[in-house]
Amino acid sequence: MFQLVHVEIKGEHIIEVVEIYSSETNKWVLKESGWKPHWAFFFGRSTFLNGSLHFPTPFDKVASVDTGGQSWRDTVVRPGEDDNHDHVFGLLVGHSQGRL
């Protein structure tokens, strides 16, 4: 289980830490956000796949963190066809057939 803890800085809700619950140890582990800079924040529906939580951000990226809080990734999403495209605000994340 994941708990994304955010702060508001200049109107932006930025993830500061992630709390990760382990059913093996029955304990919560607090990890400082590994996204540098701490730009990522939860935006919409998330999904858990291959040991990591994945969720969209409004910056044309999908942010991911593993259950150990060791692997922090952001993956750029292909922009839409609109020439005036600034951000993917309608991005949804899910998985099917073992793929994100």
# chains A, B, ... in the order shown; residues from 1 in each chain; ligands from 1
>>> residues_around(residues="A:Lys31", least_positions_apart="2", cutoff="8 Å", atoms="only C-alpha atoms", output="short mmCIF file (atom, residue, chain, number, x, y, z; two decimals) with N, CA and C atoms, in the first residue's frame")
data_model
loop_
_atom_site.label_atom_id
_atom_site.label_comp_id
_atom_site.auth_asym_id
_atom_site.auth_seq_id
_atom_site.Cartn_x
_atom_site.Cartn_y
_atom_site.Cartn_z
N VAL A 17 7.13 13.05 0.32
CA VAL A 17 7.52 11.72 0.76
C VAL A 17 6.47 10.71 0.33
N VAL A 18 6.87 9.45 0.32
CA VAL A 18 5.97 8.34 0.04
C VAL A 18 6.08 7.38 1.21
N GLU A 19 4.92 7.01 1.76
CA GLU A 19 4.88 5.98 2.79
C GLU A 19 4.48 4.67 2.12
N ILE A 20 5.23 3.62 2.39
CA ILE A 20 4.99 2.32 1.76
C ILE A 20 4.76 1.29 2.85
N VAL A 29 7.01 2.21 5.86
CA VAL A 29 8.35 2.77 5.66
C VAL A 29 8.18 4.12 4.98
N SER A 33 10.79 11.57 -1.39
CA SER A 33 10.55 11.45 -2.82
C SER A 33 11.86 11.39 -3.59
N GLY A 69 10.84 1.59 -2.41
CA GLY A 69 11.22 3.00 -2.46
C GLY A 69 12.63 3.19 -2.96
#
>>> residues_around(residues="A:Glu16", least_positions_apart="4", cutoff="7 Å", atoms="only C-alpha atoms", output="JSON, numbers by chain")
{"A": [5, 6, 7, 32, 33, 38]}
>>> write_last_selection(atoms="N, CA, C and O atoms", output="PDB file, in the first residue's frame")
ATOM      1  N   VAL A   5       2.495  11.673   0.233  1.00  0.00           N
ATOM      2  CA  VAL A   5       2.384  12.820   1.123  1.00  0.00           C
ATOM      3  C   VAL A   5       2.901  14.035   0.374  1.00  0.00           C
ATOM      4  O   VAL A   5       4.041  14.052  -0.084  1.00  0.00           O
ATOM      5  N   HIS A   6       2.043  15.039   0.253  1.00  0.00           N
ATOM      6  CA  HIS A   6       2.435  16.199  -0.536  1.00  0.00           C
ATOM      7  C   HIS A   6       2.367  17.481   0.274  1.00  0.00           C
ATOM      8  O   HIS A   6       1.740  17.543   1.325  1.00  0.00           O
ATOM      9  N   VAL A   7       3.040  18.496  -0.246  1.00  0.00           N
ATOM     10  CA  VAL A   7       2.986  19.840   0.308  1.00  0.00           C
ATOM     11  C   VAL A   7       2.565  20.774  -0.823  1.00  0.00           C
ATOM     12  O   VAL A   7       2.722  20.452  -1.996  1.00  0.00           O
ATOM     13  N   GLU A  32      11.742   9.598   1.371  1.00  0.00           N
ATOM     14  CA  GLU A  32      11.711  10.912   0.733  1.00  0.00           C
ATOM     15  C   GLU A  32      11.556  10.704  -0.766  1.00  0.00           C
ATOM     16  O   GLU A  32      12.129   9.774  -1.341  1.00  0.00           O
ATOM     17  N   SER A  33      10.794  11.572  -1.390  1.00  0.00           N
ATOM     18  CA  SER A  33      10.553  11.452  -2.823  1.00  0.00           C
ATOM     19  C   SER A  33      11.864  11.388  -3.594  1.00  0.00           C
ATOM     20  O   SER A  33      12.775  12.181  -3.358  1.00  0.00           O
ATOM     21  N   HIS A  38      11.376  17.632  -6.965  1.00  0.00           N
ATOM     22  CA  HIS A  38      10.139  17.045  -6.451  1.00  0.00           C
ATOM     23  C   HIS A  38       8.932  17.618  -7.178  1.00  0.00           C
ATOM     24  O   HIS A  38       8.072  18.254  -6.605  1.00  0.00           O
TER      25      HIS A  38
END
>>> residues_around(residues="A:Leu49", least_positions_apart="6", cutoff="9 Å", atoms="only C-alpha atoms", output="number ranges by chain")
A: 94-95, 98-100
>>> write_last_selection(atoms="N, CA and C atoms", output="PDB file, in the first residue's frame")
ATOM      1  N   GLY A  94      -3.198   2.421 -16.630  1.00  0.00           N
ATOM      2  CA  GLY A  94      -3.752   1.128 -16.279  1.00  0.00           C
ATOM      3  C   GLY A  94      -2.850   0.047 -16.829  1.00  0.00           C
ATOM      4  N   HIS A  95      -3.219  -1.205 -16.653  1.00  0.00           N
ATOM      5  CA  HIS A  95      -2.421  -2.272 -17.236  1.00  0.00           C
ATOM      6  C   HIS A  95      -3.328  -3.362 -17.793  1.00  0.00           C
ATOM      7  N   GLY A  98      -0.214  -7.781 -18.610  1.00  0.00           N
ATOM      8  CA  GLY A  98       1.120  -7.635 -18.033  1.00  0.00           C
ATOM      9  C   GLY A  98       1.905  -6.446 -18.505  1.00  0.00           C
ATOM     10  N   ARG A  99       1.245  -5.509 -19.166  1.00  0.00           N
ATOM     11  CA  ARG A  99       1.930  -4.299 -19.669  1.00  0.00           C
ATOM     12  C   ARG A  99       1.206  -3.056 -19.187  1.00  0.00           C
ATOM     13  N   LEU A 100       1.987  -1.979 -19.021  1.00  0.00           N
ATOM     14  CA  LEU A 100       1.439  -0.696 -18.587  1.00  0.00           C
ATOM     15  C   LEU A 100       0.735  -0.047 -19.748  1.00  0.00           C
TER      16      LEU A 100
END
>>> closest_residue(among="A:Ser22, A:Leu91, A:Lys36, A:Glu12", to="A:Asp66", atoms="only C-alpha atoms")
A:Ser22
>>> residues_around(residues="A:Ser64", least_positions_apart="3", cutoff="8 Å", atoms="only C-alpha atoms", output="NGL selection string")
:A and (52-55 or 71-74)
>>> decode(residues="stretch 7-42 of chain A", atoms="N, CA, C and O atoms", output="mmCIF file, in the first residue's frame")
data_model
loop_
_atom_site.group_PDB
_atom_site.id
_atom_site.type_symbol
_atom_site.label_atom_id
_atom_site.label_comp_id
_atom_site.auth_asym_id
_atom_site.auth_seq_id
_atom_site.Cartn_x
_atom_site.Cartn_y
_atom_site.Cartn_z
ATOM 1 N N VAL A 7 3.040 18.496 -0.246
ATOM 2 C CA VAL A 7 2.986 19.840 0.308
ATOM 3 C C VAL A 7 2.565 20.774 -0.823
ATOM 4 O O VAL A 7 2.722 20.452 -1.996
ATOM 5 N N GLU A 8 2.033 21.918 -0.456
ATOM 6 C CA GLU A 8 1.662 22.911 -1.462
ATOM 7 C C GLU A 8 2.720 24.000 -1.484
ATOM 8 O O GLU A 8 3.020 24.624 -0.463
ATOM 9 N N ILE A 9 3.310 24.201 -2.654
ATOM 10 C CA ILE A 9 4.330 25.236 -2.845
ATOM 11 C C ILE A 9 3.913 26.074 -4.043
ATOM 12 O O ILE A 9 3.824 25.555 -5.158
ATOM 13 N N LYS A 10 3.643 27.331 -3.797
ATOM 14 C CA LYS A 10 3.220 28.256 -4.853
ATOM 15 C C LYS A 10 2.048 27.684 -5.656
ATOM 16 O O LYS A 10 2.035 27.724 -6.879
ATOM 17 N N GLY A 11 1.076 27.112 -4.967
ATOM 18 C CA GLY A 11 -0.118 26.592 -5.614
ATOM 19 C C GLY A 11 0.030 25.214 -6.235
ATOM 20 O O GLY A 11 -0.923 24.664 -6.761
ATOM 21 N N GLU A 12 1.220 24.635 -6.187
ATOM 22 C CA GLU A 12 1.480 23.304 -6.752
ATOM 23 C C GLU A 12 1.517 22.285 -5.618
ATOM 24 O O GLU A 12 2.161 22.513 -4.597
ATOM 25 N N HIS A 13 0.842 21.165 -5.792
ATOM 26 C CA HIS A 13 0.863 20.082 -4.807
ATOM 27 C C HIS A 13 1.972 19.112 -5.195
ATOM 28 O O HIS A 13 1.826 18.336 -6.137
ATOM 29 N N ILE A 14 3.073 19.162 -4.482
ATOM 30 C CA ILE A 14 4.274 18.413 -4.825
ATOM 31 C C ILE A 14 4.483 17.277 -3.828
ATOM 32 O O ILE A 14 4.389 17.483 -2.618
ATOM 33 N N ILE A 15 4.771 16.081 -4.335
ATOM 34 C CA ILE A 15 5.006 14.940 -3.454
ATOM 35 C C ILE A 15 6.338 15.134 -2.744
ATOM 36 O O ILE A 15 7.371 15.312 -3.367
ATOM 37 N N GLU A 16 6.278 15.107 -1.415
ATOM 38 C CA GLU A 16 7.483 15.278 -0.604
ATOM 39 C C GLU A 16 8.024 13.927 -0.142
ATOM 40 O O GLU A 16 9.214 13.692 -0.164
ATOM 41 N N VAL A 17 7.125 13.051 0.319
ATOM 42 C CA VAL A 17 7.519 11.719 0.765
ATOM 43 C C VAL A 17 6.466 10.709 0.326
ATOM 44 O O VAL A 17 5.339 11.064 0.005
ATOM 45 N N VAL A 18 6.874 9.453 0.323
ATOM 46 C CA VAL A 18 5.974 8.343 0.036
ATOM 47 C C VAL A 18 6.076 7.375 1.206
ATOM 48 O O VAL A 18 7.175 7.005 1.622
ATOM 49 N N GLU A 19 4.923 7.006 1.756
ATOM 50 C CA GLU A 19 4.884 5.983 2.792
ATOM 51 C C GLU A 19 4.481 4.672 2.119
ATOM 52 O O GLU A 19 3.524 4.637 1.351
ATOM 53 N N ILE A 20 5.231 3.624 2.394
ATOM 54 C CA ILE A 20 4.989 2.323 1.760
ATOM 55 C C ILE A 20 4.762 1.287 2.854
ATOM 56 O O ILE A 20 5.584 1.139 3.761
ATOM 57 N N TYR A 21 3.629 0.594 2.766
ATOM 58 C CA TYR A 21 3.292 -0.432 3.747
ATOM 59 C C TYR A 21 3.691 -1.800 3.220
ATOM 60 O O TYR A 21 3.395 -2.157 2.083
ATOM 61 N N SER A 22 4.376 -2.575 4.044
ATOM 62 C CA SER A 22 4.775 -3.932 3.691
ATOM 63 C C SER A 22 3.908 -4.925 4.452
ATOM 64 O O SER A 22 3.896 -4.919 5.685
ATOM 65 N N SER A 23 3.200 -5.769 3.719
ATOM 66 C CA SER A 23 2.395 -6.800 4.379
ATOM 67 C C SER A 23 3.288 -7.910 4.944
ATOM 68 O O SER A 23 2.864 -8.659 5.815
ATOM 69 N N GLU A 24 4.527 -7.998 4.470
ATOM 70 C CA GLU A 24 5.467 -8.995 4.996
ATOM 71 C C GLU A 24 5.938 -8.619 6.398
ATOM 72 O O GLU A 24 6.058 -9.461 7.272
ATOM 73 N N THR A 25 6.235 -7.328 6.608
ATOM 74 C CA THR A 25 6.745 -6.870 7.906
ATOM 75 C C THR A 25 5.658 -6.211 8.756
ATOM 76 O O THR A 25 5.885 -5.932 9.920
ATOM 77 N N ASN A 26 4.496 -5.947 8.161
ATOM 78 C CA ASN A 26 3.399 -5.239 8.823
ATOM 79 C C ASN A 26 3.828 -3.862 9.325
ATOM 80 O O ASN A 26 3.412 -3.423 10.384
ATOM 81 N N LYS A 27 4.693 -3.195 8.555
ATOM 82 C CA LYS A 27 5.196 -1.875 8.938
ATOM 83 C C LYS A 27 5.124 -0.912 7.766
ATOM 84 O O LYS A 27 5.188 -1.310 6.613
ATOM 85 N N TRP A 28 5.000 0.365 8.102
ATOM 86 C CA TRP A 28 5.085 1.436 7.129
ATOM 87 C C TRP A 28 6.527 1.929 7.056
ATOM 88 O O TRP A 28 7.190 2.063 8.076
ATOM 89 N N VAL A 29 7.015 2.212 5.861
ATOM 90 C CA VAL A 29 8.349 2.772 5.661
ATOM 91 C C VAL A 29 8.176 4.125 4.981
ATOM 92 O O VAL A 29 7.444 4.247 4.000
ATOM 93 N N LEU A 30 8.824 5.135 5.513
ATOM 94 C CA LEU A 30 8.753 6.486 4.991
ATOM 95 C C LEU A 30 9.966 6.740 4.109
ATOM 96 O O LEU A 30 11.102 6.569 4.549
ATOM 97 N N LYS A 31 9.726 7.129 2.846
ATOM 98 C CA LYS A 31 10.817 7.414 1.911
ATOM 99 C C LYS A 31 10.646 8.813 1.347
ATOM 100 O O LYS A 31 9.564 9.193 0.901
ATOM 101 N N GLU A 32 11.742 9.598 1.371
ATOM 102 C CA GLU A 32 11.711 10.912 0.733
ATOM 103 C C GLU A 32 11.556 10.704 -0.766
ATOM 104 O O GLU A 32 12.129 9.774 -1.341
ATOM 105 N N SER A 33 10.794 11.572 -1.390
ATOM 106 C CA SER A 33 10.553 11.452 -2.823
ATOM 107 C C SER A 33 11.864 11.388 -3.594
ATOM 108 O O SER A 33 12.775 12.181 -3.358
ATOM 109 N N GLY A 34 11.959 10.442 -4.501
ATOM 110 C CA GLY A 34 13.154 10.282 -5.328
ATOM 111 C C GLY A 34 13.037 10.965 -6.673
ATOM 112 O O GLY A 34 13.942 10.892 -7.485
ATOM 113 N N TRP A 35 11.897 11.636 -6.926
ATOM 114 C CA TRP A 35 11.764 12.378 -8.176
ATOM 115 C C TRP A 35 12.444 13.721 -7.986
ATOM 116 O O TRP A 35 12.138 14.474 -7.086
ATOM 117 N N LYS A 36 13.423 14.004 -8.825
ATOM 118 C CA LYS A 36 14.192 15.238 -8.720
ATOM 119 C C LYS A 36 13.971 16.084 -9.959
ATOM 120 O O LYS A 36 14.117 15.592 -11.071
ATOM 121 N N PRO A 37 13.625 17.354 -9.811
ATOM 122 C CA PRO A 37 13.179 17.924 -8.548
ATOM 123 C C PRO A 37 11.848 17.317 -8.145
ATOM 124 O O PRO A 37 11.243 16.587 -8.919
ATOM 125 N N HIS A 38 11.376 17.632 -6.965
ATOM 126 C CA HIS A 38 10.139 17.045 -6.451
ATOM 127 C C HIS A 38 8.932 17.618 -7.178
ATOM 128 O O HIS A 38 8.072 18.254 -6.605
ATOM 129 N N TRP A 39 8.864 17.411 -8.474
ATOM 130 C CA TRP A 39 7.790 17.986 -9.284
ATOM 131 C C TRP A 39 6.541 17.130 -9.316
ATOM 132 O O TRP A 39 5.459 17.607 -9.538
ATOM 133 N N ALA A 40 6.706 15.826 -9.155
ATOM 134 C CA ALA A 40 5.605 14.902 -9.404
ATOM 135 C C ALA A 40 4.512 15.033 -8.359
ATOM 136 O O ALA A 40 4.779 15.226 -7.189
ATOM 137 N N PHE A 41 3.293 14.946 -8.801
ATOM 138 C CA PHE A 41 2.192 14.815 -7.873
ATOM 139 C C PHE A 41 1.118 13.960 -8.504
ATOM 140 O O PHE A 41 1.013 13.868 -9.707
ATOM 141 N N PHE A 42 0.342 13.336 -7.654
ATOM 142 C CA PHE A 42 -0.690 12.415 -8.095
ATOM 143 C C PHE A 42 -1.716 13.146 -8.941
ATOM 144 O O PHE A 42 -2.200 14.193 -8.565
#
